[in-house]
$ cat data38.cif   # mmCIF, C-alpha atoms and all ligand atoms
data_coords
loop_
_atom_site.label_atom_id
_atom_site.label_comp_id
_atom_site.auth_asym_id
_atom_site.auth_seq_id
_atom_site.Cartn_x
_atom_site.Cartn_y
_atom_site.Cartn_z
CA MET F 1 111.49 110.16 102.25
CA ALA F 2 109.07 109.11 105.00
CA ALA F 3 107.20 105.89 104.22
CA ASP F 4 103.87 107.69 104.14
CA ARG F 5 105.19 110.24 101.62
CA GLU F 6 106.44 107.70 99.10
CA PRO F 7 103.88 107.39 96.34
CA ILE F 8 101.64 104.38 96.50
CA ARG F 9 102.62 101.93 93.79
CA LEU F 10 99.36 101.02 92.13
CA ALA F 11 98.94 98.16 89.66
CA VAL F 12 95.96 98.75 87.38
CA ILE F 13 95.00 95.31 86.13
CA VAL F 14 93.10 95.31 82.85
CA GLY F 15 90.74 92.36 83.13
CA SER F 16 89.78 91.82 79.50
CA ALA F 17 91.76 90.24 76.70
CA ARG F 18 89.04 90.25 74.05
CA PRO F 19 90.24 91.43 70.63
CA GLU F 20 87.38 93.94 70.28
CA ARG F 21 87.33 94.94 73.92
CA LEU F 22 86.00 98.14 75.37
CA ALA F 23 88.55 98.04 78.19
CA PRO F 24 91.03 100.53 76.62
CA HIS F 25 88.38 103.28 76.76
CA VAL F 26 87.69 102.67 80.44
CA VAL F 27 91.41 102.43 81.23
CA SER F 28 92.22 105.56 79.27
CA TRP F 29 89.78 107.61 81.34
CA PHE F 30 90.95 106.00 84.57
CA THR F 31 94.66 106.54 83.99
CA GLY F 32 93.86 110.15 83.05
CA HIS F 33 92.15 110.50 86.40
CA LEU F 34 95.13 108.90 88.14
CA ALA F 35 97.49 111.42 86.56
CA GLN F 36 95.93 114.04 88.86
CA ARG F 37 97.01 112.12 91.96
CA PRO F 38 100.57 112.83 93.08
CA ASP F 39 100.18 110.23 95.85
CA MET F 40 100.08 107.34 93.37
CA VAL F 41 102.22 105.94 90.56
CA ALA F 42 100.55 103.43 88.27
CA ASP F 43 101.75 100.38 86.41
CA VAL F 44 99.10 99.30 83.91
CA VAL F 45 99.15 95.51 83.76
CA ASP F 46 97.24 94.70 80.60
CA LEU F 47 96.29 91.04 80.60
CA LEU F 48 96.10 91.05 76.81
CA ASP F 49 99.81 91.87 76.68
CA ALA F 50 100.71 89.64 79.64
CA ARG F 51 99.67 86.54 77.66
CA LEU F 52 99.41 84.36 80.74
CA PRO F 53 98.90 80.64 80.16
CA PRO F 54 95.33 79.31 80.50
CA SER F 55 96.11 77.96 83.95
CA PRO F 56 98.80 78.92 86.48
CA ASP F 57 102.22 77.61 85.47
CA GLU F 58 105.23 78.74 87.50
CA GLU F 59 107.59 77.63 84.73
CA SER F 60 106.02 79.90 82.16
CA PRO F 61 108.19 82.92 81.21
CA GLU F 62 105.04 85.04 80.95
CA VAL F 63 104.11 84.19 84.54
CA ALA F 64 107.70 84.86 85.63
CA ALA F 65 107.51 88.31 84.05
CA TYR F 66 104.06 89.04 85.48
CA ARG F 67 104.49 88.07 89.13
CA PRO F 68 107.09 90.72 90.09
CA ARG F 69 104.80 93.46 88.80
CA ILE F 70 102.06 92.24 91.13
CA GLY F 71 104.55 91.79 93.95
CA ALA F 72 105.94 95.32 93.55
CA ALA F 73 102.55 96.99 93.99
CA ASP F 74 101.23 98.39 97.27
CA ALA F 75 97.66 98.35 95.99
CA TYR F 76 95.60 97.30 93.00
CA VAL F 77 92.72 98.47 90.90
CA MET F 78 91.04 95.75 88.91
CA VAL F 79 89.29 96.95 85.77
CA ALA F 80 86.64 94.28 85.55
CA PRO F 81 84.09 93.71 82.80
CA GLU F 82 81.19 91.49 83.77
CA TYR F 83 80.92 88.20 81.90
CA ASN F 84 77.93 85.99 82.75
CA HIS F 85 77.36 87.62 86.13
CA SER F 86 80.98 87.22 87.19
CA PHE F 87 84.44 88.44 86.26
CA SER F 88 86.48 87.30 83.28
CA GLY F 89 88.42 84.09 83.02
CA VAL F 90 91.61 85.96 82.18
CA LEU F 91 91.31 87.93 85.41
CA LYS F 92 90.81 84.73 87.42
CA THR F 93 93.97 83.30 85.86
CA ALA F 94 95.84 86.50 86.69
CA ILE F 95 94.73 86.20 90.30
CA ASP F 96 95.60 82.50 90.46
CA CYS F 97 99.10 83.02 89.01
CA CYS F 98 100.16 84.80 92.24
CA THR F 99 99.89 83.87 95.90
CA THR F 100 101.76 85.84 98.54
CA GLU F 101 102.05 88.83 96.19
CA TRP F 102 98.42 89.76 97.02
CA ARG F 103 98.71 89.45 100.78
CA ALA F 104 97.69 92.28 103.08
CA LYS F 105 97.14 94.68 100.19
CA PRO F 106 94.03 96.63 99.22
CA VAL F 107 92.11 96.27 95.99
CA GLY F 108 89.76 98.74 94.34
CA PHE F 109 87.45 98.06 91.41
CA VAL F 110 86.33 99.72 88.21
CA SER F 111 83.60 97.54 86.71
CA TYR F 112 81.38 97.72 83.68
CA GLY F 113 78.94 95.72 81.64
CA LEU F 114 76.25 95.98 79.02
CA SER F 115 73.48 95.47 81.56
CA ARG F 116 72.22 97.89 84.16
CA GLY F 117 74.14 95.93 86.79
CA GLY F 118 77.36 97.73 85.84
CA GLY F 119 79.55 94.79 86.73
CA VAL F 120 78.70 94.76 90.43
CA ARG F 121 78.26 90.97 90.35
CA ALA F 122 81.78 90.65 88.97
CA VAL F 123 83.04 92.82 91.82
CA GLU F 124 81.21 90.85 94.51
CA HIS F 125 82.72 87.62 93.16
CA LEU F 126 86.16 89.23 93.11
CA ARG F 127 85.78 90.15 96.77
CA GLN F 128 85.18 86.51 97.68
CA VAL F 129 88.21 85.27 95.76
CA LEU F 130 90.51 88.01 97.04
CA ALA F 131 89.58 87.29 100.66
CA GLU F 132 91.06 83.82 100.19
CA LEU F 133 94.33 85.52 99.20
CA HIS F 134 94.38 87.84 102.26
CA ALA F 135 93.69 90.88 100.09
CA VAL F 136 91.28 93.60 101.19
CA GLY F 137 88.60 94.88 98.83
CA VAL F 138 87.72 98.52 99.51
CA ARG F 139 84.08 99.40 100.02
CA ASP F 140 83.37 101.86 97.24
CA ALA F 141 83.84 101.01 93.59
CA VAL F 142 83.39 102.71 90.25
CA CYS F 143 80.83 101.05 88.00
CA PHE F 144 79.53 101.78 84.53
CA PRO F 145 76.10 100.26 83.90
CA SER F 146 74.98 100.06 80.25
CA VAL F 147 78.60 100.81 79.45
CA LEU F 148 77.98 101.71 75.81
CA ASP F 149 75.99 104.71 77.04
CA HIS F 150 79.11 105.94 78.83
CA PHE F 151 81.80 105.07 76.28
CA GLY F 152 80.77 105.12 72.63
CA ASP F 153 82.69 103.68 69.70
CA ASP F 154 85.07 106.62 69.71
CA GLY F 155 86.00 106.10 73.36
CA GLY F 156 86.87 109.40 74.90
CA PHE F 157 85.52 110.28 78.29
CA PRO F 158 82.54 108.97 80.18
CA ARG F 159 79.43 111.01 79.47
CA ASP F 160 79.05 111.85 83.15
CA ARG F 161 82.71 112.58 83.61
CA ALA F 162 82.25 114.53 86.84
CA GLY F 163 80.28 111.66 88.38
CA ALA F 164 82.83 109.10 87.26
CA ASP F 165 85.72 111.21 88.55
CA LEU F 166 84.02 111.64 91.91
CA ALA F 167 83.41 107.89 92.21
CA ALA F 168 87.07 107.24 91.31
CA LYS F 169 88.24 109.75 93.93
CA VAL F 170 86.16 108.13 96.66
CA MET F 171 87.45 104.68 95.75
CA LEU F 172 91.09 105.81 95.45
CA ASP F 173 90.98 107.74 98.73
CA GLN F 174 89.87 104.55 100.48
CA LEU F 175 92.54 102.58 98.65
CA ALA F 176 95.21 105.09 99.69
CA TRP F 177 94.15 104.90 103.34
CA TRP F 178 94.44 101.14 103.34
CA ALA F 179 97.68 101.11 101.36
CA LEU F 180 99.40 103.51 103.76
CA ALA F 181 97.96 101.88 106.87
CA LEU F 182 99.07 98.44 105.71
CA ARG F 183 102.49 99.72 104.62
CA GLU F 184 103.07 101.09 108.13
CA ALA F 185 101.66 98.00 109.83
CA LYS F 186 103.78 95.61 107.75
CA ALA F 187 106.90 97.67 108.48
CA ARG F 188 106.28 97.18 112.21
CA ARG F 189 104.98 93.64 112.07
CA PRO F 190 105.31 91.48 108.93
CA TYR F 191 102.03 89.87 107.91
CA THR F 192 102.07 86.16 108.64
CA SER F 193 99.35 83.61 108.27
C1 LIG F 201 80.74 86.09 77.42
C2 LIG F 201 80.14 87.40 77.80
C3 LIG F 201 79.26 87.48 78.86
C4 LIG F 201 78.73 88.70 79.25
N1 LIG F 201 77.92 88.76 80.33
C5 LIG F 201 77.51 89.96 80.80
C6 LIG F 201 76.79 90.06 82.03
O1 LIG F 201 76.53 89.09 82.70
N2 LIG F 201 76.41 91.29 82.44
C7 LIG F 201 76.69 92.43 81.73
O2 LIG F 201 76.34 93.51 82.18
N3 LIG F 201 77.38 92.35 80.58
C8 LIG F 201 77.80 91.15 80.10
N4 LIG F 201 78.54 91.07 78.95
C9 LIG F 201 78.86 92.30 78.23
C10 LIG F 201 80.25 92.78 78.59
O3 LIG F 201 80.35 93.20 79.94
C11 LIG F 201 80.62 93.93 77.67
O4 LIG F 201 80.66 93.42 76.34
C12 LIG F 201 81.94 94.56 78.00
O5 LIG F 201 82.25 95.51 77.02
C13 LIG F 201 83.04 93.53 78.09
O6 LIG F 201 84.26 94.14 78.35
P1 LIG F 201 85.42 94.16 77.25
O7 LIG F 201 84.76 94.69 75.97
O8 LIG F 201 86.44 95.11 77.76
O9 LIG F 201 85.87 92.75 77.10
C14 LIG F 201 79.06 89.86 78.53
C15 LIG F 201 79.94 89.77 77.44
C16 LIG F 201 80.49 88.58 77.09
C17 LIG F 201 81.48 88.53 75.94
#

$ encode --input "data38.cif" --output "structure tokens"
Amino acid sequence: MAADREPIRLAVIVGSARPERLAPHVVSWFTGHLAQRPDMVADVVDLLDARLPPSPDEESPEVAAYRPRIGAADAYVMVAPEYNHSFSGVLKTAIDCCTTEWRAKPVGFVSYGLSRGGGVRAVEHLRQVLAELHAVGVRDAVCFPSVLDHFGDDGGFPRDRAGADLAAKVMLDQLAWWALALREAKARRPYTS
């Protein structure tokens, strides 16, 4: 199969490990949306299950199990709740546990928060950190302001499902462009820095 026809391997990183988290509702909608995209195959990397140590530790078996999943991906979507105008500590640890795995790969964002900001401050902070790792944040993101208005206690779908699906499509189309462009570029000329 031609390189541009192989599905993009997407790691969806679930950036909350709170016991009572809302993340599964957001992820459930997003993976449902992804199921409509034959150009992508997703590995959901749930940081609650990954049980990474509080700080990066190469000797940890959990880190050893986690890193290849990040390395195998062509692209990432970070599902990022906003905590105190930034992203979660568990997501920072997940980023810090890898180095070259992130290089020359695109990252998209699905953010949310209780405030009207919708997690955009978390996303802007993620962009800064990812630049240090030679990863490329795509322009458009999906955000859910006042997230409880979108996903109630019973989860289900976002209230404005059409709007959310359109935002996801825009973000994923950009992610796909970058993933394929970088796949081709790296095949011709390995990324070095
Ligand atoms: C420590 C903490 C800080 C938070 N700070 C913000 C914030 O700055 N902006 C915001 O919109 N929501 C904030 N929230 C609300 C969370 O974004 C909201 O509870 C969301 O559901 C968290 O995602 P999770 O339930 O998947 O962990 C905060 C929540 C916590 C626990």

$ residues_around --input "data38.cif" --residues "region 100-107 of chain F" --least-positions-apart "5" --cutoff "7 Å" --atoms "all atoms listed in the file" --output "ChimeraX atom specification"
/F:70-71,74-77,133-138,175,178-179,182,191

$ closest_atom_pairs --input "data38.cif" --of "chain F" --to "ligand LIG 201 (chain F)" --cutoff "7 Å" --atoms "only C-alpha atoms and all ligand atoms" --output "JSON lines"
{"residue": "F:Ser16", "atom": "CA", "partner": "F:LIG201", "partner_atom": "O9", "distance": 4.7}
{"residue": "F:Ala17", "atom": "CA", "partner": "F:LIG201", "partner_atom": "O9", "distance": 6.4}
{"residue": "F:Arg18", "atom": "CA", "partner": "F:LIG201", "partner_atom": "O9", "distance": 5.1}
{"residue": "F:Glu20", "atom": "CA", "partner": "F:LIG201", "partner_atom": "O7", "distance": 6.3}
{"residue": "F:Arg21", "atom": "CA", "partner": "F:LIG201", "partner_atom": "O7", "distance": 3.3}
{"residue": "F:Leu22", "atom": "CA", "partner": "F:LIG201", "partner_atom": "O7", "distance": 3.7}
{"residue": "F:Ala23", "atom": "CA", "partner": "F:LIG201", "partner_atom": "O8", "distance": 3.6}
{"residue": "F:Pro81", "atom": "CA", "partner": "F:LIG201", "partner_atom": "O6", "distance": 4.5}
{"residue": "F:Glu82", "atom": "CA", "partner": "F:LIG201", "partner_atom": "O3", "distance": 4.3}
{"residue": "F:Tyr83", "atom": "CA", "partner": "F:LIG201", "partner_atom": "N1", "distance": 3.4}
{"residue": "F:Asn84", "atom": "CA", "partner": "F:LIG201", "partner_atom": "O1", "distance": 3.4}
{"residue": "F:His85", "atom": "CA", "partner": "F:LIG201", "partner_atom": "O1", "distance": 3.8}
{"residue": "F:Ser86", "atom": "CA", "partner": "F:LIG201", "partner_atom": "O1", "distance": 6.6}
{"residue": "F:Tyr112", "atom": "CA", "partner": "F:LIG201", "partner_atom": "O3", "distance": 6.0}
{"residue": "F:Gly113", "atom": "CA", "partner": "F:LIG201", "partner_atom": "O3", "distance": 3.4}
{"residue": "F:Leu114", "atom": "CA", "partner": "F:LIG201", "partner_atom": "O2", "distance": 4.0}
{"residue": "F:Ser115", "atom": "CA", "partner": "F:LIG201", "partner_atom": "O2", "distance": 3.5}
{"residue": "F:Arg116", "atom": "CA", "partner": "F:LIG201", "partner_atom": "O2", "distance": 6.3}
{"residue": "F:Gly117", "atom": "CA", "partner": "F:LIG201", "partner_atom": "O2", "distance": 5.7}
{"residue": "F:Gly118", "atom": "CA", "partner": "F:LIG201", "partner_atom": "O2", "distance": 5.7}
{"residue": "F:Gly119", "atom": "CA", "partner": "F:LIG201", "partner_atom": "O2", "distance": 5.7}
{"residue": "F:Pro145", "atom": "CA", "partner": "F:LIG201", "partner_atom": "O2", "distance": 7.0}
{"residue": "F:Ser146", "atom": "CA", "partner": "F:LIG201", "partner_atom": "O2", "distance": 7.0}
{"residue": "F:Val147", "atom": "CA", "partner": "F:LIG201", "partner_atom": "O5", "distance": 6.9}

$ closest_residue --input "data38.cif" --among "F:Asp140, F:Asp165, F:Glu59, F:Asp173" --to "Val26 (chain F)" --atoms "all atoms listed in the file"
F:Asp165

$ closest_residue --input "data38.cif" --among "F:Asp160, F:Asp96, F:Glu132, F:Asp49" --to "Phe144 (chain F)" --atoms "all atoms listed in the file"
F:Asp160

$ closest_residue --input "data38.cif" --among "F:Gly108, F:Gly152, F:Gly32, F:Pro158" --to "Val123 (chain F)" --atoms "all atoms listed in the file"
F:Gly108

$ closest_residue --input "data38.cif" --among "F:Leu126, F:His25, F:Gln36, F:Ala80" --to "His150 (chain F)" --atoms "all atoms listed in the file"
F:His25

$ closest_residue --input "data38.cif" --among "F:His125, F:Met171, F:Lys92, F:Arg189" --to "Ser55 (chain F)" --atoms "only C-alpha atoms"
F:Lys92

$ atom_distance --input "data38.cif" --atom1 "CA of Leu91 (chain F)" --atom2 "CA of Val41 (chain F)"
21.7 Å

$ closest_residue --input "data38.cif" --among "F:Pro190, F:Gly15, F:Pro38, F:Pro53" --to "Phe87 (chain F)" --atoms "all atoms listed in the file"
F:Gly15

$ axis_aligned_box --input "data38.cif" --around "region 21-39 of chain F" --padding-each-side "4 Å" --output "lines of an AutoDock Vina configuration file"
center_x = 93.3
center_y = 104.5
center_z = 84.9
size_x = 22.6
size_y = 27.1
size_z = 29.9

$ residues_around --input "data38.cif" --residues "Ala65 (chain F)" --least-positions-apart "6" --cutoff "12 Å" --atoms "all atoms listed in the file" --output "PyMOL selection string"
chain F and resi 45+49-52+58-59+71-72+97-98

$ atom_distance --input "data38.cif" --atom1 "CA of Val90 (chain F)" --atom2 "CA of Pro56 (chain F)"
10.9 Å

$ residues_near_point --input "data38.cif" --point "(103.5, 101.4, 86.2)" --cutoff "12 Å" --atoms "all atoms listed in the file" --output "VMD selection string"
chain F and resid 7 to 13 31 34 to 35 40 to 46 68 to 70 72 to 76

$ atom_distance --input "data38.cif" --atom1 "CA of Leu47 (chain F)" --atom2 "CA of Ala94 (chain F)"
7.6 Å
